[in-house]
Amino acid sequence: MNAELILSEHIAAIVNTLYGLQTEPQSVVLQKTKKEFEGDLTLVVFPYVKASKAGPEQTAQQIGEALKARCADVHAFNVVKGFLNISFTDAFWLQTLKNMAATKHFGTKAAGSSGKTIMLEYSSPNTNKPLHLGHIRNNLLGYSVSQLLKTQGHHVIKANLVNDRGIHICKSMLAWKKFGNGETPKSSGMKGDHLVGKYYVEFDKAYKREIQELIAAGQSKEEAEKNAPMMKETQDMLRQWEAGDTATIDLWKTMNGWVYEGFTQTYNMLGVDFDKMYYESNTYLLGKELVQDGLAKGVFYKKEDGSVRIDLSKEGLDEKVVLRSDGTSVYITQDLGTAIERFKEFPELNQLIYTVGNEQDYHFKVLFKILEKLGYAWAKECYHLSYGMVELPEGKMKSREGTVVDADDLIHVMIQTARETTEQLGKTEGLAEHELQHLYITVGLGALKYFILKVDPKKKMLFDPKESIDFNGHTGPFIQYTHARICSILRKAESLFSTFEVNTSLTLHARERELIRSLYEFPAVLSEAANGYNPGLAANYIYELTKLFNQFYHDCPVLKEENEAIRKLRLSLSETTANVIKTGMNTLGIDVPERM
RNA sequence: GGUCCGGUAGCUCAGCUGGAUAGAGCAGCUGCCUUCUAAGCAGCAGGCCAUUGGUUCGAAUCCAAUCCGGAUCACCA
């Protein structure tokens, strides 16, 4: 029942007999007919004019006539220049709708049906400061891609590798010890991650003061940065941590605990979750033994200074250190170790995806190349889901300059705006208080998530805090609103009519046909979005579909339609549209309300 | 400097495996609520697809060069 498949088989056969070609059906290129022309699918006939020894119009005419003669689903065709526009019969589209309406979870493949297991790592925050807008993009993207992969029948393990150790955490710890006076989230009323973030800023202030003093005392900037007591103490603290000093470890656990409580709240608001938590404090030593392995295999080599390196200059990359001269490992060593560990832990793993910003493109190139050189066959199944930075009108967000857009603040503003808008419109009488609260969250976050996910992940995106995120037009709430409208019809219809059946001998209204055609594309869109790791494709499709529904809604009465068969068709069409909107938005992690 | 990514309406973005007159939304202007939710629908206006050359029946799309912006090239993570 696939429109493209039907046509391409017939067309291949036609051009082969007519023009003596040997065209495969797969190589017949069809495209959606442009809106301003009559038709469903369009064949560009230029590739065949040489063989047909006729002009483009004539060739198109010939193919069109042959097609209509041999394919019962083809209703009509027209030729514009070299373009053959083909229309299917209404019966074909009605049958298509009937099938879609009868398919449970239309557009998605059954869970686990692909037999593929994919680990997708995302979020991976540092525990020294709260989440900001950049993390939001990461979280939403990672979660959405995991949802998209699931629609293709893959088993997905969502993983979060928390960077819970290192010099930056020690900075917050040191500042808290020095200036904190025992402050806790409880005593301050602050969310734990924000409290720890506050001391990270405190550290920076104190550190900068010390540097200024040392410079004033005659040291160079570099010397001052190295010699500042705050920095020395932090490094001491890191050493104590690594040595397992009880007091340091206790403080570390306490403060990380605060951060986790805060993160959990933010994750819950964003509606993202994880199947597997990893902590760098457990994994940072991984990968060291691998260095021996790499040396033995001749992949790595040891320099005179004792450091171990790999030369990737032949691959167009540089020389990369994998073990410092003091024998400690660097970031990439850990990453090598954890990757290998994960394939050991999950032998069924087919793919490993890292959701990390494009500033680390180079890092992942090197990482995957080293894994390949070490002889791991799965190295080619590692993928860097790289995304662009979120920028402000002034440029990049800089935490030190206080220009970051805080995740919790932004979420709060979105929910607040959703409340104000909803109250202004006043369409929610009868909803209980907890339902209203839920609605504000759904709409506020719907706006935020859609705003971020509709943009191609690869591209950097701009966020202007002065212009709040819209609720009209190409937005999440527009789509949610349409869904609520459909639900309203369906609620009323339920009490009136029992079944929404499709009579395939009806004549379609142009709006109906457009809508069915759009619904029909849904499975292909989901698979394309999943294969390209691009939620933006799904987001833009849902918007197009929603716009079409609103036109249909405007032009075609549903409940008020007097012809029963047409009314039932429209109800079925409405219901299928609502399902597709819901399923589609679900891949974006966006909930759709039944009333708003 | 090497490598990589990007440059489409005033603004934010689609379109990029070559196809018809380059699309949306916002902002601006104009209509449409006694009729299934106006968070909607319809319309007007807005463009040298950074520039130049090439490939061909055809280029926003592919190639090259140039200009502009960003990232990266740590014994940081």
# chains A, B, ... in the order shown; residues from 1 in each chain; ligands from 1

$ interface_residues --of "chain B" --to "chain A" --cutoff "6 Å" --atoms "only C-alpha atoms (C1' of nucleotides)" --output "PDB file with C-alpha atoms (C1' of nucleotides), in the first residue's frame"
ATOM      1  C1'   G B  25       6.789  31.656  12.056  1.00  0.00           C
ATOM      2  C1'   C B  36     -16.914  21.609  16.494  1.00  0.00           C
ATOM      3  C1'   U B  37     -11.653  25.900  21.519  1.00  0.00           C
ATOM      4  C1'   A B  39      -3.049  29.627  21.404  1.00  0.00           C
ATOM      5  C1'   A B  71      34.885  25.962  16.980  1.00  0.00           C
ATOM      6  C1'   C B  75      50.963  16.117  29.736  1.00  0.00           C
TER       7        C B  75
END

$ closest_atom_pairs --of "range 390-506 of chain A" --to "range 250-273 of chain A" --cutoff "12 Å" --atoms "only C-alpha atoms" --output "Markdown table"
| residue | atom | partner | partner_atom | distance |
| --- | --- | --- | --- | --- |
| A:Asp406 | CA | A:Thr266 | CA | 10.8 |
| A:Ala407 | CA | A:Thr266 | CA | 7.7 |
| A:Asp408 | CA | A:Thr266 | CA | 6.6 |
| A:Asp409 | CA | A:Thr266 | CA | 10.4 |
| A:Leu410 | CA | A:Thr266 | CA | 11.0 |
| A:Ile411 | CA | A:Met269 | CA | 7.9 |
| A:His412 | CA | A:Met269 | CA | 9.7 |
| A:Met414 | CA | A:Met269 | CA | 11.5 |
| A:Ile415 | CA | A:Met269 | CA | 10.4 |
| A:His438 | CA | A:Met269 | CA | 11.0 |
| A:Tyr440 | CA | A:Met269 | CA | 11.8 |
| A:Ile441 | CA | A:Met269 | CA | 8.1 |
| A:Thr442 | CA | A:Met269 | CA | 9.7 |
| A:Gly444 | CA | A:Met269 | CA | 10.6 |
| A:Leu445 | CA | A:Leu270 | CA | 7.3 |
| A:Gly446 | CA | A:Leu270 | CA | 9.8 |
| A:Ala447 | CA | A:Leu270 | CA | 11.9 |
| A:Leu448 | CA | A:Leu270 | CA | 9.7 |
| A:Lys449 | CA | A:Leu270 | CA | 8.5 |

$ closest_residue --among "A:Gln152, A:Gln147, A:Asn579, A:Asn16" --to "Ser113 in chain A" --atoms "only C-alpha atoms"
A:Gln152

$ atom_distance --atom1 "CA of Cys170 in chain A" --atom2 "CA of Gly197 in chain A"
11.9 Å

$ closest_residue --among "A:Glu423, A:Pro457, A:Ala91, A:Glu514" --to "Gly39 in chain A" --atoms "only C-alpha atoms"
A:Glu514

$ select_by_dssp --residues "range 309-532 of chain A" --states "helix (DSSP H, G or I)" --output "MDAnalysis selection string"
chainID A and resid 313:315 331:345 358:373 377:381 407:425 433:453 476:496 510:531

$ atom_distance --atom1 "CA of Thr576 in chain A" --atom2 "CA of Val145 in chain A"
23.6 Å

$ residues_around --residues "range 7-17 of chain B" --least-positions-apart "6" --cutoff "6 Å" --atoms "only C-alpha atoms (C1' of nucleotides)" --output "ChimeraX atom specification"
/B:46-47,49,61

$ write_last_selection --atoms "all heavy atoms" --output "mmCIF file, in the first residue's frame"
data_model
loop_
_atom_site.group_PDB
_atom_site.id
_atom_site.type_symbol
_atom_site.label_atom_id
_atom_site.label_comp_id
_atom_site.auth_asym_id
_atom_site.auth_seq_id
_atom_site.Cartn_x
_atom_site.Cartn_y
_atom_site.Cartn_z
ATOM 1 P P G B 46 7.084 43.422 -1.691
ATOM 2 O OP1 G B 46 7.685 44.397 -2.611
ATOM 3 O OP2 G B 46 6.371 42.245 -2.230
ATOM 4 O "O5'" G B 46 8.212 42.927 -0.689
ATOM 5 C "C5'" G B 46 9.074 43.876 -0.045
ATOM 6 C "C4'" G B 46 9.623 43.274 1.217
ATOM 7 O "O4'" G B 46 8.536 42.706 1.975
ATOM 8 C "C3'" G B 46 10.572 42.089 1.016
ATOM 9 O "O3'" G B 46 11.897 42.528 0.736
ATOM 10 C "C2'" G B 46 10.485 41.377 2.359
ATOM 11 O "O2'" G B 46 11.286 42.005 3.330
ATOM 12 C "C1'" G B 46 9.000 41.573 2.694
ATOM 13 N N9 G B 46 8.219 40.391 2.321
ATOM 14 C C8 G B 46 7.477 40.200 1.182
ATOM 15 N N7 G B 46 6.893 39.034 1.144
ATOM 16 C C5 G B 46 7.277 38.419 2.327
ATOM 17 C C6 G B 46 6.954 37.132 2.836
ATOM 18 O O6 G B 46 6.241 36.258 2.330
ATOM 19 N N1 G B 46 7.569 36.905 4.069
ATOM 20 C C2 G B 46 8.381 37.801 4.716
ATOM 21 N N2 G B 46 8.893 37.406 5.882
ATOM 22 N N3 G B 46 8.685 39.001 4.253
ATOM 23 C C4 G B 46 8.098 39.241 3.065
ATOM 24 P P G B 47 12.541 42.244 -0.680
ATOM 25 O OP1 G B 47 12.699 43.489 -1.402
ATOM 26 O OP2 G B 47 11.827 41.137 -1.318
ATOM 27 O "O5'" G B 47 13.999 41.776 -0.227
ATOM 28 C "C5'" G B 47 14.144 40.648 0.614
ATOM 29 C "C4'" G B 47 15.234 39.728 0.096
ATOM 30 O "O4'" G B 47 14.741 38.374 0.168
ATOM 31 C "C3'" G B 47 15.679 39.947 -1.355
ATOM 32 O "O3'" G B 47 17.083 39.774 -1.448
ATOM 33 C "C2'" G B 47 14.928 38.861 -2.121
ATOM 34 O "O2'" G B 47 15.646 38.429 -3.244
ATOM 35 C "C1'" G B 47 14.838 37.739 -1.092
ATOM 36 N N9 G B 47 13.703 36.838 -1.241
ATOM 37 C C8 G B 47 12.746 36.843 -2.202
ATOM 38 N N7 G B 47 11.879 35.869 -2.068
ATOM 39 C C5 G B 47 12.294 35.181 -0.934
ATOM 40 C C6 G B 47 11.758 34.039 -0.294
ATOM 41 O O6 G B 47 10.770 33.387 -0.608
ATOM 42 N N1 G B 47 12.486 33.667 0.814
ATOM 43 C C2 G B 47 13.604 34.318 1.268
ATOM 44 N N2 G B 47 14.173 33.803 2.357
ATOM 45 N N3 G B 47 14.122 35.398 0.684
ATOM 46 C C4 G B 47 13.423 35.773 -0.413
ATOM 47 P P C B 49 20.100 35.502 -4.511
ATOM 48 O OP1 C B 49 21.298 35.064 -5.205
ATOM 49 O OP2 C B 49 18.792 35.312 -5.079
ATOM 50 O "O5'" C B 49 20.097 34.877 -3.067
ATOM 51 C "C5'" C B 49 21.378 34.792 -2.345
ATOM 52 C "C4'" C B 49 21.133 33.959 -1.135
ATOM 53 O "O4'" C B 49 19.819 33.377 -1.199
ATOM 54 C "C3'" C B 49 22.122 32.814 -1.017
ATOM 55 O "O3'" C B 49 22.557 32.723 0.308
ATOM 56 C "C2'" C B 49 21.323 31.595 -1.459
ATOM 57 O "O2'" C B 49 21.698 30.443 -0.775
ATOM 58 C "C1'" C B 49 19.881 31.977 -1.085
ATOM 59 N N1 C B 49 18.873 31.359 -1.956
ATOM 60 C C2 C B 49 18.190 30.243 -1.465
ATOM 61 O O2 C B 49 18.469 29.817 -0.329
ATOM 62 N N3 C B 49 17.248 29.676 -2.235
ATOM 63 C C4 C B 49 16.982 30.185 -3.446
ATOM 64 N N4 C B 49 16.038 29.591 -4.165
ATOM 65 C C5 C B 49 17.682 31.312 -3.968
ATOM 66 C C6 C B 49 18.614 31.854 -3.190
ATOM 67 P P U B 61 24.138 26.238 -4.697
ATOM 68 O OP1 U B 61 25.547 26.462 -4.392
ATOM 69 O OP2 U B 61 23.667 26.101 -6.085
ATOM 70 O "O5'" U B 61 23.646 24.949 -3.901
ATOM 71 C "C5'" U B 61 23.980 24.749 -2.521
ATOM 72 C "C4'" U B 61 23.317 23.497 -2.033
ATOM 73 O "O4'" U B 61 21.901 23.586 -2.336
ATOM 74 C "C3'" U B 61 23.834 22.221 -2.689
ATOM 75 O "O3'" U B 61 24.019 21.211 -1.727
ATOM 76 C "C2'" U B 61 22.738 21.867 -3.691
ATOM 77 O "O2'" U B 61 22.605 20.485 -3.876
ATOM 78 C "C1'" U B 61 21.488 22.433 -3.033
ATOM 79 N N1 U B 61 20.454 22.815 -4.004
ATOM 80 C C2 U B 61 19.268 22.084 -4.018
ATOM 81 O O2 U B 61 19.066 21.169 -3.258
ATOM 82 N N3 U B 61 18.364 22.491 -4.956
ATOM 83 C C4 U B 61 18.496 23.514 -5.853
ATOM 84 O O4 U B 61 17.583 23.752 -6.633
ATOM 85 C C5 U B 61 19.747 24.218 -5.779
ATOM 86 C C6 U B 61 20.665 23.851 -4.876
#
